[in-house]
>>> print(open('structure.cif').read())   # mmCIF, C-alpha atoms
data_upload
#
loop_
_atom_site.label_atom_id
_atom_site.label_comp_id
_atom_site.auth_asym_id
_atom_site.auth_seq_id
_atom_site.Cartn_x
_atom_site.Cartn_y
_atom_site.Cartn_z
CA MET A 638 -75.56 4.77 -107.46
CA SER A 639 -77.76 5.39 -110.48
CA TYR A 640 -77.93 8.92 -111.82
CA ASN A 641 -81.73 8.53 -111.91
CA LEU A 642 -81.91 9.53 -108.22
CA PHE A 643 -80.24 12.86 -108.95
CA LEU A 644 -82.40 13.38 -112.04
CA LEU A 645 -85.47 12.82 -109.87
CA ALA A 646 -84.19 15.38 -107.35
CA PHE A 647 -83.84 17.89 -110.22
CA VAL A 648 -87.28 17.15 -111.67
CA LEU A 649 -88.90 17.47 -108.23
CA GLY A 650 -87.04 20.70 -107.52
CA ILE A 651 -88.08 22.66 -110.61
CA THR A 652 -91.71 22.76 -109.50
CA GLY A 653 -91.19 22.06 -105.81
CA THR A 654 -89.25 24.55 -103.76
CA PHE A 655 -87.99 26.32 -106.93
CA HIS A 656 -91.56 27.49 -107.54
CA TYR A 657 -91.70 28.92 -104.02
CA GLY A 658 -88.42 30.82 -104.39
CA LEU A 659 -89.41 32.10 -107.84
CA GLN A 660 -92.77 33.43 -106.71
CA VAL A 661 -91.26 35.14 -103.67
CA SER A 662 -88.71 37.10 -105.69
CA ILE A 663 -90.39 37.58 -109.06
CA ILE A 664 -93.06 39.91 -107.69
CA ASN A 665 -90.49 42.58 -106.71
CA SER A 666 -89.57 43.88 -110.16
CA PRO A 667 -93.02 44.62 -111.67
CA ALA A 668 -94.42 46.27 -108.51
CA GLU A 669 -94.56 49.76 -110.03
CA TYR A 670 -96.05 48.50 -113.30
CA ILE A 671 -98.76 46.47 -111.60
CA GLN A 672 -99.78 49.40 -109.41
CA SER A 673 -100.05 51.56 -112.53
CA PHE A 674 -102.16 48.83 -114.15
CA ILE A 675 -104.48 48.80 -111.13
CA CYS A 676 -104.86 52.58 -111.37
CA GLU A 677 -105.56 52.51 -115.13
CA THR A 678 -108.07 49.67 -114.84
CA TRP A 679 -109.89 51.38 -111.97
CA LEU A 680 -110.07 54.65 -113.93
CA LYS A 681 -111.56 52.91 -116.99
CA ARG A 682 -114.18 51.12 -114.90
CA TYR A 683 -115.34 53.85 -112.54
CA GLY A 684 -114.30 57.08 -114.28
CA SER A 685 -112.16 58.33 -111.42
CA PRO A 686 -108.72 57.27 -110.18
CA PRO A 687 -108.46 55.13 -107.04
CA SER A 688 -107.11 56.58 -103.82
CA ALA A 689 -103.54 55.84 -102.73
CA GLN A 690 -104.94 53.72 -99.90
CA MET A 691 -106.94 51.60 -102.35
CA ILE A 692 -103.90 50.98 -104.56
CA THR A 693 -101.88 50.02 -101.49
CA LEU A 694 -104.68 47.71 -100.33
CA MET A 695 -104.92 45.95 -103.71
CA TRP A 696 -101.17 45.55 -103.99
CA SER A 697 -100.87 44.30 -100.41
CA LEU A 698 -103.56 41.75 -101.22
CA ILE A 699 -101.64 40.62 -104.31
CA VAL A 700 -98.52 40.09 -102.21
CA SER A 701 -100.05 38.57 -99.08
CA ILE A 702 -102.62 36.26 -100.67
CA TYR A 703 -99.75 34.02 -101.77
CA SER A 704 -99.29 33.10 -98.09
CA ILE A 705 -102.99 32.25 -97.78
CA GLY A 706 -102.70 29.94 -100.77
CA GLY A 707 -99.55 28.42 -99.30
CA LEU A 708 -101.39 27.67 -96.06
CA LEU A 709 -104.21 25.96 -97.98
CA GLY A 710 -101.77 23.96 -100.08
CA SER A 711 -99.63 22.80 -97.17
CA SER A 712 -102.76 21.79 -95.22
CA SER A 713 -103.79 19.42 -98.02
CA ALA A 714 -100.32 17.92 -98.58
CA GLY A 715 -100.73 15.15 -96.01
CA TYR A 716 -104.05 13.88 -97.35
CA LEU A 717 -103.09 14.04 -101.03
CA SER A 718 -99.69 12.39 -100.51
CA VAL A 719 -101.32 9.44 -98.71
CA ARG A 720 -104.43 9.19 -100.89
CA PHE A 721 -102.71 9.43 -104.28
CA GLY A 722 -99.05 8.79 -103.48
CA ARG A 723 -96.12 11.16 -103.56
CA LYS A 724 -95.73 11.25 -107.34
CA LYS A 725 -99.37 11.88 -108.19
CA ALA A 726 -99.64 14.51 -105.44
CA MET A 727 -96.67 16.29 -106.98
CA LEU A 728 -98.28 16.16 -110.42
CA LEU A 729 -101.56 17.49 -108.98
CA ALA A 730 -99.68 20.49 -107.57
CA ASN A 731 -98.94 21.57 -111.13
CA ILE A 732 -102.63 22.18 -111.89
CA PRO A 733 -103.03 25.30 -109.69
CA ALA A 734 -99.58 26.45 -110.87
CA LEU A 735 -100.63 26.40 -114.53
CA LEU A 736 -103.98 27.99 -113.70
CA GLY A 737 -102.26 30.76 -111.74
CA ALA A 738 -99.74 31.41 -114.53
CA ALA A 739 -102.54 31.63 -117.10
CA LEU A 740 -104.57 34.08 -114.98
CA MET A 741 -101.62 36.36 -114.31
CA GLY A 742 -100.31 36.17 -117.87
CA LEU A 743 -103.69 37.15 -119.36
CA SER A 744 -104.63 39.76 -116.73
CA ARG A 745 -103.58 42.83 -118.71
CA LEU A 746 -105.15 41.52 -121.91
CA CYS A 747 -108.44 41.03 -120.06
CA GLY A 748 -108.12 44.29 -118.13
CA SER A 749 -108.54 42.63 -114.72
CA PHE A 750 -106.21 43.04 -111.77
CA GLU A 751 -108.46 40.59 -109.91
CA MET A 752 -106.97 37.90 -112.16
CA ILE A 753 -103.56 38.68 -110.67
CA ILE A 754 -104.96 38.22 -107.17
CA ALA A 755 -106.57 34.90 -108.13
CA GLY A 756 -103.40 33.80 -109.92
CA ARG A 757 -101.27 34.52 -106.86
CA LEU A 758 -103.71 32.53 -104.72
CA PHE A 759 -103.46 29.48 -107.00
CA SER A 760 -99.68 29.86 -107.16
CA GLY A 761 -99.62 29.86 -103.37
CA VAL A 762 -101.64 26.64 -103.26
CA CYS A 763 -99.05 25.07 -105.57
CA GLY A 764 -96.20 26.45 -103.47
CA GLY A 765 -97.55 25.09 -100.19
CA LEU A 766 -98.46 21.68 -101.60
CA ALA A 767 -95.39 21.17 -103.79
CA GLN A 768 -92.96 22.36 -101.13
CA ASN A 769 -94.11 19.73 -98.62
CA VAL A 770 -94.48 16.89 -101.11
CA HIS A 771 -91.12 17.67 -102.71
CA ILE A 772 -89.17 17.34 -99.45
CA MET A 773 -91.13 14.23 -98.42
CA TYR A 774 -90.77 12.55 -101.82
CA ALA A 775 -87.04 13.31 -102.16
CA GLY A 776 -86.23 12.22 -98.60
CA GLU A 777 -88.07 8.90 -98.94
CA CYS A 778 -86.45 8.09 -102.31
CA ALA A 779 -82.88 8.50 -101.08
CA PRO A 780 -80.83 5.77 -99.37
CA ARG A 781 -79.61 6.53 -95.87
CA LYS A 782 -76.09 7.60 -96.92
CA LEU A 783 -77.44 10.13 -99.46
CA ARG A 784 -80.62 11.22 -97.67
CA GLY A 785 -79.13 14.44 -96.35
CA LEU A 786 -77.64 15.43 -99.71
CA ILE A 787 -80.82 14.68 -101.70
CA ALA A 788 -83.15 16.34 -99.18
CA ILE A 789 -81.03 19.49 -99.05
CA THR A 790 -81.54 19.97 -102.79
CA ALA A 791 -84.90 21.42 -101.69
CA SER A 792 -83.07 24.36 -100.07
CA THR A 793 -80.81 24.67 -103.10
CA PHE A 794 -83.80 24.94 -105.43
CA THR A 795 -85.43 27.53 -103.15
CA ALA A 796 -82.31 29.68 -103.40
CA ALA A 797 -82.11 29.02 -107.14
CA GLY A 798 -85.73 30.10 -107.55
CA LYS A 799 -85.01 33.40 -105.78
CA PHE A 800 -81.95 33.94 -107.97
CA VAL A 801 -83.84 33.24 -111.21
CA GLY A 802 -86.69 35.50 -110.10
CA PHE A 803 -84.31 38.39 -109.49
CA ALA A 804 -82.49 37.69 -112.78
CA LEU A 805 -85.71 37.61 -114.84
CA GLY A 806 -86.78 40.86 -113.19
CA LEU A 807 -83.78 42.77 -114.53
CA ARG A 808 -84.63 45.43 -117.10
CA GLU A 809 -82.39 43.68 -119.60
CA VAL A 810 -84.57 40.55 -119.40
CA LEU A 811 -88.29 40.83 -118.52
CA GLY A 812 -88.31 43.72 -116.03
CA VAL A 813 -89.93 46.27 -118.35
CA GLU A 814 -93.50 47.53 -118.48
CA ALA A 815 -94.41 45.74 -121.72
CA LEU A 816 -93.34 42.30 -120.42
CA TRP A 817 -94.53 42.14 -116.81
CA PRO A 818 -97.42 39.71 -117.59
CA ILE A 819 -94.92 37.31 -119.16
CA LEU A 820 -92.70 37.71 -116.11
CA LEU A 821 -95.54 36.72 -113.77
CA ALA A 822 -96.39 33.70 -115.96
CA ALA A 823 -92.76 32.50 -116.22
CA ASN A 824 -93.32 29.71 -113.68
CA ALA A 825 -95.35 27.82 -116.31
CA VAL A 826 -92.11 26.74 -118.03
CA PRO A 827 -90.68 24.57 -115.19
CA VAL A 828 -94.20 23.26 -114.48
CA LEU A 829 -94.51 21.95 -118.04
CA VAL A 830 -91.05 20.38 -117.81
CA GLN A 831 -92.05 18.45 -114.70
CA LEU A 832 -95.37 17.34 -116.20
CA LEU A 833 -93.46 15.84 -119.14
CA THR A 834 -90.69 14.15 -117.14
CA LEU A 835 -91.96 13.09 -113.69
CA PRO A 836 -94.28 10.31 -115.02
CA PHE A 837 -91.15 8.37 -116.07
CA PHE A 838 -89.96 8.08 -112.45
CA PRO A 839 -91.31 5.68 -109.81
CA ASP A 840 -93.12 6.61 -106.64
CA SER A 841 -91.36 6.65 -103.28
CA PRO A 842 -90.06 3.14 -102.38
CA ARG A 843 -91.08 3.66 -98.74
CA TYR A 844 -94.59 4.67 -99.75
CA LEU A 845 -94.92 1.65 -102.05
CA LEU A 846 -93.75 -0.83 -99.40
CA ILE A 847 -95.11 0.57 -96.14
CA ASP A 848 -98.33 2.28 -97.25
CA GLN A 849 -99.24 0.25 -100.34
CA LYS A 850 -97.60 -3.04 -99.21
CA ASP A 851 -96.24 -3.47 -102.72
CA LYS A 852 -92.88 -5.14 -102.17
CA GLU A 853 -92.29 -5.87 -105.86
CA GLY A 854 -93.02 -2.28 -106.77
CA CYS A 855 -90.66 -1.12 -104.03
CA ILE A 856 -87.82 -3.33 -105.28
CA LYS A 857 -88.40 -2.15 -108.86
CA ALA A 858 -88.34 1.49 -107.73
CA VAL A 859 -85.15 0.92 -105.73
CA LYS A 860 -83.37 -0.60 -108.72
CA GLN A 861 -84.50 2.21 -111.01
CA LEU A 862 -83.40 4.94 -108.60
CA TRP A 863 -80.37 3.37 -106.92
CA GLY A 864 -79.02 1.03 -109.59
CA ASP A 865 -78.41 -2.74 -109.50
CA GLY A 866 -76.18 -2.82 -106.41
CA ASP A 867 -76.83 -4.61 -103.12
CA HIS A 868 -79.64 -2.75 -101.39
CA VAL A 869 -80.85 -5.56 -99.12
CA ALA A 870 -80.01 -3.65 -95.93
CA GLU A 871 -82.06 -0.64 -97.00
CA ILE A 872 -85.06 -2.77 -97.95
CA ASP A 873 -84.79 -4.69 -94.65
CA ASP A 874 -84.84 -1.35 -92.83
CA MET A 875 -88.08 -0.46 -94.61
CA MET A 876 -89.52 -3.87 -93.72
CA SER A 877 -88.61 -3.33 -90.06
CA GLU A 878 -90.38 0.03 -90.10
CA GLN A 879 -93.43 -1.59 -91.70
CA LYS A 880 -93.56 -4.19 -88.92
CA ALA A 881 -93.04 -1.55 -86.24
CA ILE A 882 -96.16 0.41 -87.17
CA HIS A 883 -98.26 -2.81 -87.25
CA GLY A 884 -100.18 -1.83 -90.37
CA GLN A 885 -101.40 1.46 -88.87
CA LYS A 886 -102.81 3.99 -91.29
CA ALA A 887 -101.31 7.45 -91.73
CA LYS A 888 -101.91 9.61 -88.68
CA SER A 889 -103.64 12.99 -88.71
CA VAL A 890 -102.21 16.23 -87.35
CA TRP A 891 -104.49 15.85 -84.34
CA ASP A 892 -103.01 12.39 -83.67
CA LEU A 893 -99.54 13.88 -83.97
CA LEU A 894 -100.33 16.56 -81.39
CA ARG A 895 -101.88 14.09 -78.92
CA ASP A 896 -99.38 11.21 -79.08
CA ARG A 897 -96.79 11.47 -76.29
CA ALA A 898 -94.51 9.01 -78.11
CA VAL A 899 -93.60 11.69 -80.68
CA ARG A 900 -93.77 14.68 -78.35
CA TRP A 901 -90.04 15.42 -78.37
CA GLN A 902 -89.82 15.01 -82.14
CA LEU A 903 -92.67 17.51 -82.50
CA ILE A 904 -91.04 19.99 -80.11
CA THR A 905 -87.74 19.66 -81.99
CA LEU A 906 -89.44 20.29 -85.32
CA PHE A 907 -91.33 23.32 -84.00
CA LEU A 908 -88.22 24.89 -82.50
CA VAL A 909 -86.11 24.40 -85.64
CA VAL A 910 -88.83 25.74 -87.97
CA SER A 911 -89.54 28.71 -85.69
CA CYS A 912 -85.86 29.58 -85.41
CA ILE A 913 -85.59 29.70 -89.20
CA GLN A 914 -88.33 32.33 -89.31
CA LEU A 915 -87.14 34.32 -86.28
CA ILE A 916 -83.37 34.16 -86.79
CA GLY A 917 -83.29 37.53 -88.53
CA ILE A 918 -82.89 36.57 -92.18
CA ASN A 919 -85.72 38.94 -93.11
CA VAL A 920 -84.10 41.80 -91.20
CA VAL A 921 -80.81 41.35 -93.05
CA TYR A 922 -82.55 41.34 -96.43
CA PHE A 923 -84.58 44.41 -95.41
CA TYR A 924 -81.50 46.48 -94.55
CA ALA A 925 -79.39 45.13 -97.43
CA TYR A 926 -80.34 47.99 -99.79
CA SER A 927 -79.11 50.65 -97.36
CA ILE A 928 -75.96 48.67 -96.55
CA PHE A 929 -74.99 48.36 -100.20
CA THR A 930 -75.79 52.03 -100.86
CA LYS A 931 -73.61 53.20 -97.97
CA ALA A 932 -70.77 51.03 -99.28
CA GLY A 933 -70.75 53.19 -102.42
CA ILE A 934 -72.55 50.80 -104.76
CA PRO A 935 -74.61 52.80 -107.31
CA PRO A 936 -78.39 52.24 -106.94
CA ALA A 937 -78.60 50.99 -110.52
CA GLN A 938 -76.06 48.25 -109.71
CA ILE A 939 -77.60 47.05 -106.45
CA HIS A 940 -79.85 44.59 -108.31
CA TYR A 941 -76.74 42.85 -109.56
CA VAL A 942 -75.30 42.74 -106.05
CA SER A 943 -78.56 41.10 -104.98
CA LEU A 944 -77.82 38.41 -107.54
CA GLY A 945 -74.51 37.93 -105.77
CA VAL A 946 -76.36 37.43 -102.49
CA GLY A 947 -78.58 34.85 -104.20
CA THR A 948 -75.55 33.06 -105.61
CA THR A 949 -74.03 32.93 -102.13
CA GLU A 950 -77.18 31.30 -100.77
CA ILE A 951 -77.16 28.70 -103.55
CA LEU A 952 -73.49 27.81 -103.02
CA SER A 953 -73.91 27.59 -99.24
CA THR A 954 -76.80 25.11 -99.50
CA VAL A 955 -74.76 23.01 -101.93
CA LEU A 956 -71.89 23.05 -99.45
CA CYS A 957 -74.28 22.00 -96.69
CA GLY A 958 -75.23 18.94 -98.76
CA PHE A 959 -71.63 17.76 -98.75
CA LEU A 960 -71.00 18.61 -95.08
CA ILE A 961 -74.16 17.29 -93.46
CA GLU A 962 -73.18 13.60 -93.43
CA ARG A 963 -69.62 14.36 -92.31
CA ALA A 964 -70.23 17.03 -89.68
CA GLY A 965 -73.69 15.96 -88.51
CA ARG A 966 -76.95 17.86 -88.21
CA ARG A 967 -76.56 19.20 -84.69
CA THR A 968 -72.99 20.40 -85.25
CA LEU A 969 -73.96 22.35 -88.36
CA LEU A 970 -76.89 23.92 -86.53
CA TRP A 971 -75.12 25.15 -83.40
CA LYS A 972 -71.99 26.34 -85.22
CA SER A 973 -74.05 28.17 -87.85
CA TYR A 974 -76.26 29.77 -85.22
CA THR A 975 -73.15 30.94 -83.36
CA VAL A 976 -71.71 32.57 -86.49
CA MET A 977 -75.08 34.12 -87.36
CA ALA A 978 -75.49 35.55 -83.85
CA LEU A 979 -72.03 37.09 -83.99
CA ALA A 980 -72.70 38.47 -87.48
CA LEU A 981 -75.99 40.05 -86.37
CA GLY A 982 -74.37 41.58 -83.31
CA LEU A 983 -71.53 43.07 -85.33
CA LEU A 984 -73.96 44.19 -88.05
CA THR A 985 -75.97 46.10 -85.45
CA VAL A 986 -72.80 47.91 -84.40
CA THR A 987 -71.65 48.69 -87.95
CA LEU A 988 -75.09 50.02 -88.93
CA PHE A 989 -74.93 52.58 -86.11
CA LEU A 990 -71.32 53.50 -86.96
CA GLN A 991 -71.63 53.44 -90.74
CA ASP A 992 -71.29 57.26 -91.01
CA SER A 993 -68.36 57.43 -88.63
CA PHE A 994 -65.62 55.77 -90.67
CA PHE A 995 -65.34 55.17 -94.42
CA TRP A 996 -64.50 51.47 -93.99
CA VAL A 997 -67.46 50.56 -91.76
CA PRO A 998 -70.01 50.14 -94.63
CA TYR A 999 -67.70 47.60 -96.27
CA CYS A 1000 -67.69 45.61 -93.05
CA SER A 1001 -71.50 45.64 -93.13
CA VAL A 1002 -71.50 44.24 -96.67
CA ALA A 1003 -69.12 41.45 -95.62
CA LEU A 1004 -71.29 40.64 -92.59
CA VAL A 1005 -74.38 40.32 -94.81
CA PHE A 1006 -72.64 37.75 -96.98
CA ILE A 1007 -71.30 35.89 -93.93
CA PHE A 1008 -74.78 35.75 -92.42
CA ILE A 1009 -76.38 34.48 -95.64
CA MET A 1010 -73.71 31.82 -96.07
CA SER A 1011 -74.08 30.64 -92.45
CA PHE A 1012 -77.85 30.45 -92.86
CA GLY A 1013 -77.54 28.26 -95.98
CA ILE A 1014 -74.97 25.92 -94.43
CA GLY A 1015 -76.92 25.59 -91.19
CA PRO A 1016 -80.68 25.91 -90.59
CA GLY A 1017 -81.55 26.68 -94.22
CA GLY A 1018 -80.31 23.25 -95.30
CA VAL A 1019 -80.42 21.01 -92.22
CA VAL A 1020 -84.19 21.31 -91.72
CA CYS A 1021 -84.96 19.56 -95.04
CA PRO A 1022 -84.02 15.97 -94.09
CA LEU A 1023 -85.10 16.43 -90.47
CA ILE A 1024 -88.74 15.31 -90.75
CA THR A 1025 -87.93 12.22 -92.81
CA GLU A 1026 -85.34 11.13 -90.25
CA ILE A 1027 -87.12 11.73 -86.93
CA PHE A 1028 -90.66 10.56 -87.80
CA ILE A 1029 -91.78 7.08 -88.85
CA GLN A 1030 -93.87 6.56 -91.98
CA SER A 1031 -97.29 6.74 -90.33
CA TYR A 1032 -96.57 10.16 -88.78
CA ARG A 1033 -94.52 11.64 -91.61
CA PRO A 1034 -97.35 13.19 -93.73
CA ALA A 1035 -98.89 14.82 -90.64
CA ALA A 1036 -95.46 16.14 -89.61
CA TYR A 1037 -95.02 17.76 -93.01
CA VAL A 1038 -98.46 19.36 -92.74
CA PHE A 1039 -97.57 20.67 -89.27
CA ASN A 1040 -94.27 22.00 -90.62
CA GLY A 1041 -95.93 23.73 -93.58
CA VAL A 1042 -98.78 25.27 -91.58
CA THR A 1043 -96.39 26.52 -88.90
CA ASN A 1044 -94.12 28.02 -91.54
CA TRP A 1045 -96.88 29.86 -93.43
CA ILE A 1046 -98.61 31.15 -90.28
CA GLN A 1047 -95.35 32.54 -88.95
CA LEU A 1048 -94.65 34.18 -92.31
CA PHE A 1049 -98.05 35.85 -92.18
CA ILE A 1050 -97.55 37.08 -88.59
CA LEU A 1051 -94.07 38.40 -89.40
CA GLY A 1052 -95.50 40.21 -92.41
CA LEU A 1053 -97.91 42.05 -90.13
CA VAL A 1054 -95.56 42.75 -87.21
CA PHE A 1055 -92.22 43.51 -88.87
CA PRO A 1056 -93.09 46.93 -90.39
CA PHE A 1057 -94.23 48.13 -86.96
CA ILE A 1058 -90.98 46.88 -85.40
CA VAL A 1059 -89.06 48.90 -87.98
CA VAL A 1060 -91.02 52.06 -87.11
CA PHE A 1061 -90.65 51.44 -83.36
CA THR A 1062 -86.87 50.99 -83.54
CA GLY A 1063 -86.49 54.19 -85.54
CA ASN A 1064 -85.27 52.42 -88.69
CA ALA A 1065 -81.67 53.56 -88.15
CA ALA A 1066 -80.48 52.23 -91.49
CA ASN A 1067 -83.19 54.14 -93.37
CA PRO A 1068 -83.56 51.61 -96.22
CA GLN A 1069 -86.39 53.47 -97.87
CA ASN A 1070 -84.37 56.45 -98.96
CA SER A 1071 -84.91 55.63 -102.62
CA PHE A 1072 -88.49 54.41 -102.56
CA ASN A 1073 -91.84 56.02 -101.97
CA SER A 1074 -93.88 54.85 -99.00
CA THR A 1075 -96.09 52.53 -101.03
CA GLN A 1076 -93.17 50.71 -102.60
CA VAL A 1077 -91.48 50.33 -99.21
CA ARG A 1078 -94.50 48.59 -97.74
CA VAL A 1079 -94.68 46.35 -100.78
CA THR A 1080 -90.98 45.48 -100.56
CA GLN A 1081 -91.29 44.72 -96.85
CA ALA A 1082 -94.17 42.32 -97.38
CA THR A 1083 -92.47 40.63 -100.32
CA GLN A 1084 -89.16 40.15 -98.55
CA LEU A 1085 -90.88 38.70 -95.50
CA GLN A 1086 -92.41 36.00 -97.69
#
>>> encode(input="structure.cif", output="C-alpha cells")
Amino acid sequence: MSYNLFLLAFVLGITGTFHYGLQVSIINSPAEYIQSFICETWLKRYGSPPSAQMITLMWSLIVSIYSIGGLLGSSSAGYLSVRFGRKKAMLLANIPALLGAALMGLSRLCGSFEMIIAGRLFSGVCGGLAQNVHIMYAGECAPRKLRGLIAITASTFTAAGKFVGFALGLREVLGVEALWPILLAANAVPVLVQLLTLPFFPDSPRYLLIDQKDKEGCIKAVKQLWGDGDHVAEIDDMMSEQKAIHGQKAKSVWDLLRDRAVRWQLITLFLVVSCIQLIGINVVYFYAYSIFTKAGIPPAQIHYVSLGVGTTEILSTVLCGFLIERAGRRTLLWKSYTVMALALGLLTVTLFLQDSFFWVPYCSVALVFIFIMSFGIGPGGVVCPLITEIFIQSYRPAAYVFNGVTNWIQLFILGLVFPFIVVFTGNAANPQNSFNSTQVRVTQATQLQ
C-alpha cells in the first residue's frame, strides 16, 4: 500500500475531528480570564459591573453556542459533500475555522466579548461540517482491508485534539492571562496546514466513480492512494455498487427516514450513536477531579494526570484500529460495553466507600483509566467506519447528516439535564470542592461537549 493513504488520513484529521477535540478542551483553561474580560469590558461600556448572573449567562453562551454551530455544520455536510465533493467540502470547512480563530484572537484587542461568542459559533460550524466529511472521506478512500483502521483515525484525532487542548492550556504553555487570546486562536495552525496540503490529494474514489461517473479519475485516485498493485477487485466492487443504485441521486435525510429498505441500518446507527452519548463517559470525566484528589494527587498536579487520561484515550483508539479487523465490530462493542458496565458499577461502590479505607481512592483512579480505555477500544472507535460499511453510496451523505444531528442534539440535551441530575443525586463525590459555583457550571457544560 502507498503511504499516501496514511498521509491523507493525517491531513484530514488535523482539521477534521482534531478540531472538534481541540475546541472541546481548549476552552477549560482560560475560563477565569475570559470571565474577567467580560466583567472589565462591561464596566468600561456601561460604567457599572455586570451581575454574577449576567457573567454566568455570557460564559454559558460562549460554551454552548459551539454545539449550535456544530448542529448547523453537520446539517450542511450532506449537501456540500455531494454538491462539491468530499475534498472541496473539507476545504470549505476551513473558512469558518479561520474566521472563528481570527474573531477570538482579536477579541481582547477590540474589547469585544461578543467576538468570542461569534468565533465559537463559526468554530462549531467547522467542527460539525469537518467531523462528518472527515469520516466519510477517509472511509471512502480506504480499501476494504484497511477501512476500519483508516476510519478509526477519526477517533484518534479527536482524542489527540483533547490532549493538545489540555497541554496548551497548561500555565507553562499558553494558560496564562496574557496569552488566552492566542490560546483560543491556536486552531488556525492545523487549518493552515490542511489548506496547504489537501489540494495535492485526490477526491474519494467512490465519489468520483459512483457520483461523478468518472472512471478514469477513480482509477487515478486509487493508484495515487493505494499504489500500483492489483486493485481490480476493489474497483469492481465500486462498479457493482454503482449498478445497484441504478444512477439514483444522493438521498435526503427525509428519504432515509422513510425508506424501509434501510430501516434496520438506521436503527443500528441511532442506537450506537445514542449509547456513546449515554454510556456515562461524561459522568466519569465529571467526577475525575474528586477521584484524583481523594487519591492524594495535589490539585496543582491534577492537570498533568488529565493529560495521562488523554494519552490513554489516544492509545486505546490506536489499539482499536489494529483489533477491529481481527476481532470484528460486534465483538469489540459487546466486550467493551461489558467492561465499561462493570467499571461503572465498581466505581459507584468505590465513590461511596472512598472515605472508609485508604486504598479505595486508588481503586477509583484505576477504574477511571479502565473505563476510558474500554471506551476507546469499543464504541469510541467502532462507530467511525460503521456508516461507510452499512449504507450504500446514495444514502451515505444523509446517514452522516443524521449521525451528526443526533450527536449534537443529544450533547445539547445532556448539557441541560446533567447538572440537575448531579444535584438530584446529591453529588456524593463533591467534585466542586475547589471551584466556585460559576466555574463548576462552566466545567460541567464544557465536559459535556
>>> atom_distance(input="structure.cif", atom1="atom CA of A:Leu708", atom2="atom CA of A:Thr834")
27.2 Å
>>> closest_atom_pairs(input="structure.cif", of="stretch 844-927 of chain A", to="stretch 770-784 of chain A", cutoff="12 Å", atoms="only C-alpha atoms", output="CSV")
residue,atom,partner,partner_atom,distance
A:Tyr844,CA,A:Glu777,CA,7.8
A:Leu845,CA,A:Glu777,CA,10.4
A:Leu846,CA,A:Glu777,CA,11.3
A:Ile847,CA,A:Glu777,CA,11.3
A:Cys855,CA,A:Cys778,CA,10.3
A:Ile856,CA,A:Cys778,CA,11.9
A:Ala858,CA,A:Cys778,CA,8.7
A:Val859,CA,A:Cys778,CA,8.0
A:Lys860,CA,A:Cys778,CA,11.2
A:Gln861,CA,A:Cys778,CA,10.7
A:Leu862,CA,A:Cys778,CA,7.7
A:Trp863,CA,A:Pro780,CA,7.9
A:Gly864,CA,A:Pro780,CA,11.4
A:Asp867,CA,A:Pro780,CA,11.7
A:His868,CA,A:Pro780,CA,8.8
A:Val869,CA,A:Pro780,CA,11.3
A:Ala870,CA,A:Pro780,CA,10.1
A:Glu871,CA,A:Pro780,CA,6.9
A:Ile872,CA,A:Pro780,CA,9.6
A:Asp874,CA,A:Arg781,CA,9.9
A:Met875,CA,A:Glu777,CA,10.3
>>> closest_atom_pairs(input="structure.cif", of="stretch 657-736 of chain A", to="stretch 1040-1053 of chain A", cutoff="12 Å", atoms="all atoms listed in the file", output="tab-separated table")
residue	atom	partner	partner_atom	distance
A:Tyr657	CA	A:Trp1045	CA	11.8
A:Val661	CA	A:Leu1048	CA	11.9
A:Ser697	CA	A:Gly1052	CA	10.5
A:Val700	CA	A:Gly1052	CA	10.3
A:Ser701	CA	A:Phe1049	CA	7.7
A:Ile702	CA	A:Phe1049	CA	9.7
A:Tyr703	CA	A:Trp1045	CA	9.8
A:Ser704	CA	A:Trp1045	CA	6.2
A:Ile705	CA	A:Trp1045	CA	7.9
A:Gly706	CA	A:Trp1045	CA	9.4
A:Gly707	CA	A:Trp1045	CA	6.6
A:Leu708	CA	A:Trp1045	CA	5.7
A:Leu709	CA	A:Val1042	CA	8.4
A:Gly710	CA	A:Gly1041	CA	8.7
A:Ser711	CA	A:Gly1041	CA	5.2
A:Ser712	CA	A:Val1042	CA	6.4
A:Ser713	CA	A:Gly1041	CA	10.0
A:Ala714	CA	A:Gly1041	CA	8.8
A:Gly715	CA	A:Gly1041	CA	10.1
>>> resolve_selection(input="structure.cif", expression="the PyMOL selection byres ((chain A and resi 721) around 12)", output="JSON, numbers by chain")
{"A": [713, 714, 715, 716, 717, 718, 719, 720, 722, 723, 724, 725, 726, 727, 728, 729, 730, 770, 840, 841, 844, 845, 848, 849]}
>>> resolve_selection(input="structure.cif", expression="the PyMOL selection byres ((chain A and resi 678) around 12)", output="list of chain:residue names")
A:Ile671, A:Gln672, A:Ser673, A:Phe674, A:Ile675, A:Cys676, A:Glu677, A:Trp679, A:Leu680, A:Lys681, A:Arg682, A:Tyr683, A:Gly684, A:Ser685, A:Pro686, A:Pro687, A:Ile692, A:Ser744, A:Arg745, A:Leu746, A:Cys747, A:Gly748, A:Ser749, A:Phe750, A:Glu751
>>> write_last_selection(input="structure.cif", atoms="C-alpha atoms", output="short mmCIF file (atom, residue, chain, number, x, y, z; two decimals), keeping the file's coordinate frame")
data_model
loop_
_atom_site.label_atom_id
_atom_site.label_comp_id
_atom_site.auth_asym_id
_atom_site.auth_seq_id
_atom_site.Cartn_x
_atom_site.Cartn_y
_atom_site.Cartn_z
CA ILE A 671 -98.76 46.47 -111.60
CA GLN A 672 -99.78 49.40 -109.41
CA SER A 673 -100.05 51.56 -112.53
CA PHE A 674 -102.16 48.83 -114.15
CA ILE A 675 -104.48 48.80 -111.13
CA CYS A 676 -104.86 52.58 -111.37
CA GLU A 677 -105.56 52.51 -115.13
CA TRP A 679 -109.89 51.38 -111.97
CA LEU A 680 -110.07 54.65 -113.93
CA LYS A 681 -111.56 52.91 -116.99
CA ARG A 682 -114.18 51.12 -114.90
CA TYR A 683 -115.34 53.85 -112.54
CA GLY A 684 -114.30 57.08 -114.28
CA SER A 685 -112.16 58.33 -111.42
CA PRO A 686 -108.72 57.27 -110.18
CA PRO A 687 -108.46 55.13 -107.04
CA ILE A 692 -103.90 50.98 -104.56
CA SER A 744 -104.63 39.76 -116.73
CA ARG A 745 -103.58 42.83 -118.71
CA LEU A 746 -105.15 41.52 -121.91
CA CYS A 747 -108.44 41.03 -120.06
CA GLY A 748 -108.12 44.29 -118.13
CA SER A 749 -108.54 42.63 -114.72
CA PHE A 750 -106.21 43.04 -111.77
CA GLU A 751 -108.46 40.59 -109.91
#
